[in-house]
>>> print(open('work30.cif').read())   # mmCIF, C-alpha atoms and all ligand atoms
data_data
loop_
_atom_site.label_atom_id
_atom_site.label_comp_id
_atom_site.auth_asym_id
_atom_site.auth_seq_id
_atom_site.Cartn_x
_atom_site.Cartn_y
_atom_site.Cartn_z
CA MET A 1 -34.52 -2.51 -20.06
CA PRO A 2 -36.42 -0.44 -22.68
CA GLY A 3 -36.53 3.38 -22.87
CA SER A 4 -34.10 6.23 -23.40
CA ALA A 5 -30.82 6.46 -21.51
CA ALA A 6 -32.40 9.04 -19.20
CA GLU A 7 -35.42 6.83 -18.49
CA ARG A 8 -33.22 3.82 -17.78
CA LEU A 9 -30.95 5.78 -15.47
CA ALA A 10 -33.89 7.37 -13.61
CA ARG A 11 -35.38 3.93 -13.04
CA LEU A 12 -32.06 2.57 -11.77
CA ALA A 13 -31.75 5.51 -9.38
CA ASP A 14 -35.21 4.71 -7.99
CA GLY A 15 -34.17 1.14 -7.19
CA TYR A 16 -34.11 2.06 -3.51
CA LEU A 17 -37.89 2.51 -3.64
CA VAL A 18 -38.50 -0.85 -5.28
CA THR A 19 -36.57 -2.73 -2.57
CA GLN A 20 -38.77 -1.14 0.10
CA LEU A 21 -42.03 -1.54 -1.88
CA LEU A 22 -41.39 -5.28 -2.04
CA HIS A 23 -40.59 -5.35 1.67
CA VAL A 24 -43.76 -3.44 2.60
CA ALA A 25 -45.87 -5.85 0.55
CA ILE A 26 -44.39 -8.88 2.34
CA ALA A 27 -44.50 -7.31 5.81
CA LEU A 28 -48.18 -6.38 5.42
CA GLY A 29 -49.16 -9.75 3.94
CA VAL A 30 -50.20 -8.37 0.54
CA PRO A 31 -49.15 -11.49 -1.45
CA GLU A 32 -51.24 -13.82 0.73
CA ALA A 33 -54.19 -11.41 0.63
CA LEU A 34 -54.10 -11.33 -3.19
CA ALA A 35 -53.51 -15.07 -3.61
CA GLY A 36 -57.25 -15.67 -3.98
CA GLY A 37 -57.80 -13.05 -6.70
CA PRO A 38 -57.92 -9.29 -7.40
CA ARG A 39 -58.69 -6.84 -4.57
CA SER A 40 -58.60 -3.08 -4.07
CA ALA A 41 -56.45 -1.16 -1.59
CA GLU A 42 -59.61 0.01 0.20
CA ASP A 43 -60.75 -3.60 0.57
CA LEU A 44 -57.32 -4.76 1.80
CA ALA A 45 -56.40 -1.89 4.12
CA GLY A 46 -58.43 -2.82 7.22
CA GLU A 47 -57.49 -6.47 7.05
CA LEU A 48 -53.75 -5.69 6.63
CA GLY A 49 -53.58 -2.91 9.22
CA ALA A 50 -52.76 -0.23 6.63
CA VAL A 51 -54.05 3.21 5.61
CA PRO A 52 -55.89 2.91 2.26
CA GLY A 53 -54.33 5.93 0.47
CA PRO A 54 -50.64 5.09 1.02
CA LEU A 55 -51.36 1.38 0.52
CA ARG A 56 -52.92 2.10 -2.87
CA ARG A 57 -49.83 4.11 -3.92
CA VAL A 58 -47.54 1.27 -2.84
CA LEU A 59 -49.64 -1.22 -4.82
CA ARG A 60 -49.48 1.05 -7.86
CA GLY A 61 -45.70 1.28 -7.47
CA LEU A 62 -45.54 -2.51 -7.53
CA ALA A 63 -47.88 -2.56 -10.54
CA ALA A 64 -45.55 -0.12 -12.35
CA GLU A 65 -42.77 -2.69 -11.83
CA GLU A 66 -45.10 -5.51 -13.02
CA VAL A 67 -44.91 -7.27 -9.66
CA LEU A 68 -48.67 -6.76 -9.37
CA VAL A 69 -51.26 -6.39 -12.12
CA GLU A 70 -53.68 -3.45 -11.88
CA ASP A 71 -57.08 -3.91 -13.50
CA GLY A 72 -59.39 -1.10 -14.66
CA ASP A 73 -61.46 -1.16 -11.44
CA GLY A 74 -58.62 -0.21 -9.08
CA ARG A 75 -58.07 -3.82 -8.07
CA PHE A 76 -54.69 -5.54 -7.95
CA SER A 77 -53.64 -9.15 -8.44
CA LEU A 78 -50.32 -11.00 -8.30
CA GLY A 79 -48.18 -10.88 -11.43
CA GLY A 80 -45.50 -13.52 -12.08
CA PRO A 81 -42.90 -11.90 -9.80
CA GLY A 82 -45.62 -11.14 -7.22
CA ARG A 83 -46.42 -14.84 -6.88
CA LEU A 84 -42.78 -15.43 -5.86
CA LEU A 85 -43.38 -13.23 -2.81
CA LEU A 86 -45.67 -15.93 -1.39
CA PRO A 87 -44.13 -18.21 1.23
CA GLY A 88 -43.48 -21.82 0.37
CA VAL A 89 -44.06 -21.64 -3.41
CA PRO A 90 -41.40 -23.11 -5.72
CA SER A 91 -38.65 -20.52 -6.39
CA SER A 92 -40.04 -18.18 -3.72
CA LEU A 93 -37.86 -15.10 -3.21
CA ARG A 94 -39.66 -13.93 -0.08
CA GLY A 95 -36.67 -14.52 2.21
CA VAL A 96 -34.26 -13.02 -0.34
CA VAL A 97 -36.34 -9.81 -0.55
CA THR A 98 -36.69 -9.45 3.21
CA ALA A 99 -32.96 -9.87 3.90
CA ARG A 100 -32.13 -7.19 1.33
CA ALA A 101 -34.70 -4.68 2.56
CA ASP A 102 -34.40 -5.37 6.27
CA ILE A 103 -30.65 -6.00 6.74
CA TYR A 104 -28.51 -5.27 3.64
CA TYR A 105 -30.26 -2.01 2.72
CA ARG A 106 -28.80 0.13 5.50
CA ALA A 107 -25.31 -1.32 5.06
CA ALA A 108 -25.21 -0.23 1.40
CA VAL A 109 -25.22 3.40 2.61
CA GLY A 110 -21.63 2.81 3.76
CA LEU A 111 -20.40 1.82 0.29
CA LEU A 112 -18.92 5.20 -0.69
CA ASP A 113 -16.91 5.49 2.52
CA ALA A 114 -15.79 1.90 2.18
CA VAL A 115 -14.62 2.38 -1.40
CA ARG A 116 -12.66 5.42 -0.24
CA THR A 117 -11.19 3.87 2.90
CA GLY A 118 -11.12 0.15 2.11
CA GLY A 119 -13.36 -0.77 5.06
CA THR A 120 -16.47 -2.96 4.99
CA PRO A 121 -19.72 -0.96 4.54
CA PHE A 122 -21.68 -3.14 6.96
CA GLU A 123 -19.09 -2.63 9.70
CA LEU A 124 -18.81 1.12 9.04
CA VAL A 125 -22.59 1.48 9.42
CA HIS A 126 -23.23 -0.96 12.28
CA GLY A 127 -19.89 -0.98 14.10
CA GLN A 128 -20.04 -4.77 14.17
CA ALA A 129 -19.13 -7.67 11.88
CA PHE A 130 -22.01 -9.16 9.89
CA PHE A 131 -22.25 -12.61 11.51
CA ALA A 132 -21.83 -11.12 15.03
CA PHE A 133 -24.72 -8.72 14.22
CA LEU A 134 -26.92 -11.64 13.11
CA SER A 135 -25.99 -13.79 16.11
CA ALA A 136 -26.94 -10.97 18.51
CA ALA A 137 -30.66 -11.18 17.63
CA PRO A 138 -32.62 -14.34 16.73
CA GLU A 139 -35.01 -12.44 14.46
CA ARG A 140 -32.12 -11.08 12.33
CA LEU A 141 -30.56 -14.53 12.10
CA ALA A 142 -33.94 -15.96 11.01
CA VAL A 143 -34.25 -13.33 8.25
CA PHE A 144 -30.76 -14.13 6.95
CA GLN A 145 -31.24 -17.90 7.11
CA ALA A 146 -34.57 -17.60 5.27
CA SER A 147 -32.75 -15.79 2.47
CA MET A 148 -30.05 -18.47 2.37
CA ALA A 149 -32.75 -21.17 2.28
CA ASP A 150 -34.52 -19.49 -0.70
CA ARG A 151 -31.29 -19.30 -2.68
CA SER A 152 -30.15 -22.74 -1.65
CA ALA A 153 -33.54 -24.21 -2.62
CA ARG A 154 -32.82 -23.08 -6.21
CA GLU A 155 -29.27 -24.46 -6.15
CA ALA A 156 -29.47 -27.65 -4.07
CA GLY A 157 -31.51 -29.76 -6.51
CA ALA A 158 -29.18 -28.80 -9.36
CA VAL A 159 -26.10 -29.64 -7.25
CA VAL A 160 -27.28 -33.17 -6.42
CA ASP A 161 -28.45 -33.67 -10.04
CA ALA A 162 -25.02 -32.65 -11.35
CA TYR A 163 -22.85 -34.44 -8.79
CA ASP A 164 -23.52 -38.01 -7.68
CA MET A 165 -23.76 -38.10 -3.87
CA ARG A 166 -24.78 -41.79 -3.68
CA ARG A 167 -21.16 -42.91 -3.35
CA PHE A 168 -20.81 -41.27 0.09
CA ALA A 169 -21.55 -43.03 3.40
CA SER A 170 -20.94 -39.85 5.43
CA VAL A 171 -21.26 -36.17 4.54
CA VAL A 172 -20.54 -33.04 6.63
CA ASP A 173 -22.03 -29.75 5.41
CA VAL A 174 -19.63 -27.10 6.73
CA GLY A 175 -21.41 -23.78 7.29
CA GLY A 176 -24.53 -25.59 6.12
CA GLY A 177 -26.99 -23.00 7.48
CA SER A 178 -30.56 -24.27 7.59
CA GLY A 179 -29.49 -27.50 5.85
CA THR A 180 -31.31 -27.09 2.52
CA LEU A 181 -28.43 -28.69 0.59
CA LEU A 182 -28.07 -31.50 3.11
CA TRP A 183 -31.78 -32.37 2.78
CA ALA A 184 -31.24 -32.63 -0.98
CA VAL A 185 -28.23 -34.91 -0.35
CA ARG A 186 -30.43 -37.06 1.90
CA ASP A 187 -32.92 -37.55 -0.94
CA ARG A 188 -30.12 -38.98 -3.11
CA ALA A 189 -28.14 -40.80 -0.42
CA PRO A 190 -30.78 -41.78 2.18
CA HIS A 191 -28.43 -44.10 4.07
CA ALA A 192 -25.53 -41.65 4.38
CA GLU A 193 -24.67 -40.34 7.81
CA LEU A 194 -25.26 -36.59 7.52
CA THR A 195 -23.89 -33.84 9.76
CA LEU A 196 -24.88 -30.21 9.62
CA PHE A 197 -22.03 -28.08 10.95
CA ASP A 198 -22.55 -24.38 11.71
CA LEU A 199 -22.55 -21.84 14.53
CA PRO A 200 -24.43 -22.93 17.69
CA GLU A 201 -27.29 -20.45 17.23
CA VAL A 202 -27.78 -21.65 13.64
CA VAL A 203 -27.88 -25.42 14.23
CA ASP A 204 -29.91 -25.11 17.44
CA GLY A 205 -33.24 -26.86 16.84
CA SER A 206 -32.24 -28.34 13.47
CA ASP A 207 -34.09 -31.49 12.37
CA LEU A 208 -30.81 -32.77 10.88
CA PRO A 209 -28.03 -34.34 12.97
CA ALA A 210 -25.97 -31.29 13.81
CA VAL A 211 -22.68 -30.29 15.38
CA ALA A 212 -22.08 -26.72 16.53
CA GLY A 213 -18.70 -25.11 16.17
CA ASP A 214 -16.40 -22.60 14.55
CA PHE A 215 -15.03 -23.63 11.16
CA PHE A 216 -11.94 -21.48 11.69
CA ALA A 217 -11.00 -23.73 14.61
CA HIS A 218 -12.25 -27.23 13.86
CA VAL A 219 -14.48 -29.30 11.57
CA PRO A 220 -15.82 -32.80 12.50
CA GLY A 221 -13.33 -35.40 11.27
CA GLY A 222 -13.30 -38.49 9.11
CA ALA A 223 -16.28 -38.10 6.73
CA ASP A 224 -16.30 -39.31 3.12
CA ALA A 225 -17.37 -35.89 1.85
CA TYR A 226 -17.28 -32.30 3.04
CA LEU A 227 -19.58 -29.68 1.54
CA LEU A 228 -18.64 -25.99 1.55
CA SER A 229 -21.55 -24.28 -0.16
CA ARG A 230 -21.42 -20.50 -0.56
CA VAL A 231 -19.06 -20.26 2.40
CA LEU A 232 -15.68 -19.34 0.88
CA HIS A 233 -17.18 -16.34 -0.95
CA ASP A 234 -17.97 -14.79 2.45
CA TRP A 235 -14.29 -14.45 3.29
CA ASP A 236 -11.07 -12.82 2.05
CA ASP A 237 -8.25 -15.10 0.95
CA ALA A 238 -6.62 -15.36 4.39
CA ASP A 239 -9.85 -16.42 6.13
CA ALA A 240 -11.01 -18.63 3.24
CA LEU A 241 -7.67 -20.43 3.57
CA ARG A 242 -8.26 -20.93 7.31
CA VAL A 243 -11.63 -22.59 6.55
CA LEU A 244 -10.05 -24.80 3.87
CA ARG A 245 -7.23 -25.81 6.24
CA SER A 246 -9.80 -26.81 8.90
CA CYS A 247 -11.54 -28.97 6.29
CA ARG A 248 -8.23 -30.42 5.08
CA ALA A 249 -7.29 -31.32 8.69
CA ALA A 250 -10.65 -33.09 9.15
CA MET A 251 -10.40 -35.08 5.90
CA ARG A 252 -9.08 -38.62 5.52
CA PRO A 253 -6.65 -39.16 2.60
CA ASP A 254 -9.57 -40.47 0.51
CA SER A 255 -12.17 -37.84 1.56
CA VAL A 256 -13.44 -35.32 -0.97
CA LEU A 257 -14.26 -31.66 -0.49
CA LEU A 258 -17.06 -30.20 -2.62
CA VAL A 259 -16.88 -26.43 -2.92
CA VAL A 260 -20.18 -25.07 -4.26
CA GLU A 261 -19.70 -21.54 -5.57
CA ALA A 262 -20.48 -19.25 -8.51
CA LEU A 263 -17.55 -18.34 -10.74
CA VAL A 264 -17.05 -14.73 -11.80
CA PRO A 265 -17.66 -14.12 -15.50
CA GLU A 266 -15.07 -12.52 -17.76
CA ARG A 267 -17.36 -9.53 -18.42
CA ALA A 268 -19.98 -8.30 -15.93
CA VAL A 269 -22.81 -8.41 -18.49
CA ASP A 270 -22.16 -12.14 -19.06
CA ASP A 271 -23.57 -12.97 -15.60
CA PRO A 272 -24.99 -9.94 -13.75
CA ALA A 273 -26.31 -12.12 -10.89
CA VAL A 274 -22.76 -13.17 -9.95
CA VAL A 275 -21.62 -9.54 -10.15
CA ARG A 276 -24.45 -8.51 -7.82
CA MET A 277 -23.56 -11.32 -5.41
CA ASP A 278 -19.97 -10.09 -5.44
CA LEU A 279 -21.29 -6.65 -4.45
CA HIS A 280 -23.26 -8.19 -1.55
CA MET A 281 -19.96 -9.67 -0.39
CA LEU A 282 -18.35 -6.23 -0.68
CA VAL A 283 -21.17 -4.52 1.25
CA LEU A 284 -21.66 -7.09 4.01
CA LEU A 285 -18.48 -9.05 4.51
CA HIS A 286 -14.80 -9.34 3.67
CA GLY A 287 -15.51 -11.78 0.87
CA ARG A 288 -15.72 -11.83 -2.90
CA GLU A 289 -16.70 -14.04 -5.79
CA ARG A 290 -13.73 -15.74 -7.48
CA THR A 291 -12.63 -17.30 -10.75
CA ALA A 292 -11.94 -21.03 -11.02
CA ALA A 293 -8.20 -20.24 -11.10
CA GLU A 294 -8.51 -18.31 -7.84
CA TYR A 295 -10.26 -21.26 -6.17
CA VAL A 296 -7.56 -23.62 -7.47
CA ALA A 297 -4.88 -21.38 -5.93
CA LEU A 298 -6.69 -21.34 -2.56
CA LEU A 299 -7.18 -25.11 -2.62
CA ASP A 300 -3.55 -25.58 -3.50
CA ALA A 301 -2.43 -23.40 -0.58
CA ALA A 302 -4.53 -25.60 1.74
CA GLY A 303 -2.98 -28.84 0.46
CA LEU A 304 -5.92 -29.75 -1.76
CA ARG A 305 -6.04 -30.32 -5.53
CA LEU A 306 -8.96 -29.74 -7.86
CA THR A 307 -10.13 -33.06 -9.33
CA ALA A 308 -13.34 -31.94 -11.09
CA ASP A 309 -15.20 -28.76 -11.99
CA VAL A 310 -18.88 -29.62 -12.49
CA PRO A 311 -21.27 -26.87 -13.66
CA THR A 312 -24.80 -27.31 -12.30
CA GLY A 313 -26.82 -25.05 -14.60
CA ALA A 314 -28.11 -23.18 -11.53
CA GLY A 315 -25.42 -20.52 -11.35
CA VAL A 316 -22.98 -22.52 -9.22
CA HIS A 317 -20.24 -25.06 -9.93
CA VAL A 318 -19.26 -28.04 -7.79
CA LEU A 319 -15.48 -27.90 -7.42
CA GLU A 320 -14.34 -31.33 -6.27
CA ALA A 321 -11.02 -31.37 -4.39
CA ARG A 322 -8.93 -34.09 -2.76
CA PRO A 323 -5.92 -34.08 -0.48
CA GLY A 324 -2.82 -33.94 -2.60
C1 LIG B 401 -23.55 -17.67 3.11
S1 LIG B 401 -24.08 -18.79 4.33
C2 LIG B 401 -24.18 -20.30 3.39
C3 LIG B 401 -25.13 -21.28 3.98
C4 LIG B 401 -25.31 -22.59 3.18
N1 LIG B 401 -24.08 -23.36 3.09
C5 LIG B 401 -25.90 -22.32 1.82
O1 LIG B 401 -25.31 -22.74 0.81
O2 LIG B 401 -26.95 -21.68 1.76
C6 LIG B 401 -22.65 -19.00 5.33
C7 LIG B 401 -22.85 -19.87 6.56
O3 LIG B 401 -21.61 -19.89 7.31
C8 LIG B 401 -21.95 -19.90 8.68
N2 LIG B 401 -20.80 -19.44 9.47
C9 LIG B 401 -20.31 -18.18 9.55
N3 LIG B 401 -19.25 -18.14 10.36
C10 LIG B 401 -19.06 -19.42 10.82
C11 LIG B 401 -18.09 -20.02 11.67
N4 LIG B 401 -17.11 -19.29 12.21
N5 LIG B 401 -18.18 -21.36 11.90
C12 LIG B 401 -19.18 -22.10 11.35
N6 LIG B 401 -20.12 -21.58 10.50
C13 LIG B 401 -20.06 -20.25 10.25
C14 LIG B 401 -23.14 -18.97 8.76
O4 LIG B 401 -23.87 -19.14 9.95
C15 LIG B 401 -23.92 -19.36 7.50
O5 LIG B 401 -24.86 -20.38 7.77
#
>>> encode(input="work30.cif", output="structure tokens", more="lines below")
Ligand SMILES: C[S@@+](CC[C@H](N)C(=O)[O-])C[C@H]1O[C@@H](n2cnc3c(N)ncnc32)[C@H](O)[C@@H]1O
Amino acid sequence: MPGSAAERLARLADGYLVTQLLHVAIALGVPEALAGGPRSAEDLAGELGAVPGPLRRVLRGLAAEEVLVEDGDGRFSLGGPGRLLLPGVPSSLRGVVTARADIYYRAAVGLLDAVRTGGTPFELVHGQAFFAFLSAAPERLAVFQASMADRSAREAGAVVDAYDMRRFASVVDVGGGSGTLLWAVRDRAPHAELTLFDLPEVVDGSDLPAVAGDFFAHVPGGADAYLLSRVLHDWDDADALRVLRSCRAAMRPDSVLLVVEALVPERAVDDPAVVRMDLHMLVLLHGRERTAAEYVALLDAAGLRLTADVPTGAGVHVLEARPG
């Protein structure tokens, strides 16, 4: 980030604006409207249901952040980051942006109180646990699952490239969400019997074979492989252990468990994305990102031993564990 210390700090402090500028652009349909080439705010406003003056200022804000490109005629086009606001493009971050602006944003206001009292910001602000809040309204759940799908789309291909899934005849994805990782497994192991396991409201309507349930109580038994992708980081050690024990109880002696998670770096600057994810866990849930040693200790407490640690190159490792 170039500039003086004061300029850098001022820009960081204005981060709250950038989150909402991105959200406004998506909600109005700006990326789609600019996909065909440069247009002015005046030209866009009627079509997008916006007032030209404020819309132009929002577009200029996005141009200042290089999300959009402003030409000399007052027209705007999509810059590199702007193109990733389009739906369905490779590496799209549309769902990621919307979840942050629409759901996580308000919860972050509770961070100071939570740091002082030890509570969870989301629960202090909303008076409700995160997953209960999502389950209470289909549109919230859809926003969250779209964000998970964006992130998982970046990770899933790297996971199945790094870890050979062809050896498995049956795979259960525990807390599998919209099933992005399981679709990637299906590409590699087309004959495997796949099961998406998640809360009823999440698996309802899935195109994958699905079982609804609560992973604290029970996980479908007897599969060759169990996936736990970005699930353990949602929970504190006691609850993460409950999930692992459910998986352990479902596994045969020769089953494997594949924990897909990021590992916290030694220093924050070594991997800022993992540090930010850890802060999402702090703001929203009772979870946290962990080191490899911390995952080994949890696995051990659940009667599982780490048999491989496979980096994927996409920010997550595949931690292979077996009963032992
Ligand atoms: C952070 S998301 C990860 C989704 C997916 N595995 C991925 O890698 O994108 C956590 C998932 O756990 C699910 N979940 C939360 N509580 C659950 C419970 N008690 N039983 C089953 N699934 C649960 C959520 O619905 C969500 O899909």
>>> residues_near_ligand(input="work30.cif", ligand="ligand LIG 401 (chain B)", cutoff="6 Å", atoms="only C-alpha atoms and all ligand atoms", output="PDB file with C-alpha atoms, in the frame of the given file")
ATOM      1  CA  MET A 148     -30.050 -18.470   2.370  1.00  0.00           C
ATOM      2  CA  ALA A 149     -32.750 -21.170   2.280  1.00  0.00           C
ATOM      3  CA  SER A 152     -30.150 -22.740  -1.650  1.00  0.00           C
ATOM      4  CA  GLY A 175     -21.410 -23.780   7.290  1.00  0.00           C
ATOM      5  CA  GLY A 176     -24.530 -25.590   6.120  1.00  0.00           C
ATOM      6  CA  GLY A 177     -26.990 -23.000   7.480  1.00  0.00           C
ATOM      7  CA  ASP A 198     -22.550 -24.380  11.710  1.00  0.00           C
ATOM      8  CA  LEU A 199     -22.550 -21.840  14.530  1.00  0.00           C
ATOM      9  CA  VAL A 202     -27.780 -21.650  13.640  1.00  0.00           C
ATOM     10  CA  GLY A 213     -18.700 -25.110  16.170  1.00  0.00           C
ATOM     11  CA  ASP A 214     -16.400 -22.600  14.550  1.00  0.00           C
ATOM     12  CA  PHE A 215     -15.030 -23.630  11.160  1.00  0.00           C
ATOM     13  CA  PHE A 216     -11.940 -21.480  11.690  1.00  0.00           C
ATOM     14  CA  SER A 229     -21.550 -24.280  -0.160  1.00  0.00           C
ATOM     15  CA  ARG A 230     -21.420 -20.500  -0.560  1.00  0.00           C
ATOM     16  CA  VAL A 231     -19.060 -20.260   2.400  1.00  0.00           C
TER      17      VAL A 231
END
>>> atom_distance(input="work30.cif", atom1="atom CA of Val125 of chain A", atom2="atom CA of Ala107 of chain A")
5.9 Å
>>> residues_around(input="work30.cif", residues="segment 99-106 of chain A", least_positions_apart="3", cutoff="7 Å", atoms="only C-alpha atoms", output="PDB file with C-alpha atoms, in the frame of the given file")
ATOM      1  CA  THR A  19     -36.570  -2.730  -2.570  1.00  0.00           C
ATOM      2  CA  GLN A  20     -38.770  -1.140   0.100  1.00  0.00           C
ATOM      3  CA  HIS A  23     -40.590  -5.350   1.670  1.00  0.00           C
ATOM      4  CA  GLY A  95     -36.670 -14.520   2.210  1.00  0.00           C
ATOM      5  CA  VAL A  96     -34.260 -13.020  -0.340  1.00  0.00           C
ATOM      6  CA  VAL A 109     -25.220   3.400   2.610  1.00  0.00           C
ATOM      7  CA  VAL A 143     -34.250 -13.330   8.250  1.00  0.00           C
ATOM      8  CA  PHE A 144     -30.760 -14.130   6.950  1.00  0.00           C
ATOM      9  CA  SER A 147     -32.750 -15.790   2.470  1.00  0.00           C
TER      10      SER A 147
END
>>> closest_residue(input="work30.cif", among="A:Leu93, A:Leu284, A:Ala293, A:Leu12", to="Ala132 of chain A", atoms="all atoms listed in the file")
A:Leu284
>>> residues_near_point(input="work30.cif", point="(-57.3, -2.7, 1.6)", cutoff="12 Å", atoms="all atoms listed in the file", output="MDAnalysis selection string")
chainID A and resid 25 28:30 33:34 38:59 74:76
>>> write_last_selection(input="work30.cif", atoms="C-alpha atoms", output="compact mmCIF listing (two decimals), in the frame of the given file")
# COMPACT_ATOMS: atom_id res chain seq x y z
CA ALA A 25 -45.87 -5.85 0.55
CA LEU A 28 -48.18 -6.38 5.42
CA GLY A 29 -49.16 -9.75 3.94
CA VAL A 30 -50.20 -8.37 0.54
CA ALA A 33 -54.19 -11.41 0.63
CA LEU A 34 -54.10 -11.33 -3.19
CA PRO A 38 -57.92 -9.29 -7.40
CA ARG A 39 -58.69 -6.84 -4.57
CA SER A 40 -58.60 -3.08 -4.07
CA ALA A 41 -56.45 -1.16 -1.59
CA GLU A 42 -59.61 0.01 0.20
CA ASP A 43 -60.75 -3.60 0.57
CA LEU A 44 -57.32 -4.76 1.80
CA ALA A 45 -56.40 -1.89 4.12
CA GLY A 46 -58.43 -2.82 7.22
CA GLU A 47 -57.49 -6.47 7.05
CA LEU A 48 -53.75 -5.69 6.63
CA GLY A 49 -53.58 -2.91 9.22
CA ALA A 50 -52.76 -0.23 6.63
CA VAL A 51 -54.05 3.21 5.61
CA PRO A 52 -55.89 2.91 2.26
CA GLY A 53 -54.33 5.93 0.47
CA PRO A 54 -50.64 5.09 1.02
CA LEU A 55 -51.36 1.38 0.52
CA ARG A 56 -52.92 2.10 -2.87
CA ARG A 57 -49.83 4.11 -3.92
CA VAL A 58 -47.54 1.27 -2.84
CA LEU A 59 -49.64 -1.22 -4.82
CA GLY A 74 -58.62 -0.21 -9.08
CA ARG A 75 -58.07 -3.82 -8.07
CA PHE A 76 -54.69 -5.54 -7.95
>>> closest_residue(input="work30.cif", among="A:Val159, A:Leu78, A:Ala321, A:Val274", to="Gly37 of chain A", atoms="only C-alpha atoms")
A:Leu78
>>> residues_around(input="work30.cif", residues="Asp113 of chain A", least_positions_apart="4", cutoff="12 Å", atoms="all atoms listed in the file", output="PyMOL selection string")
chain A and resi 107-109+117-125+283
>>> axis_aligned_box(input="work30.cif", around="segment 272-279 of chain A", padding_each_side="3 Å", output="JSON")
{"center_x": -23.1, "center_y": -9.9, "center_z": -9.1, "size_x": 12.3, "size_y": 12.5, "size_z": 15.3}
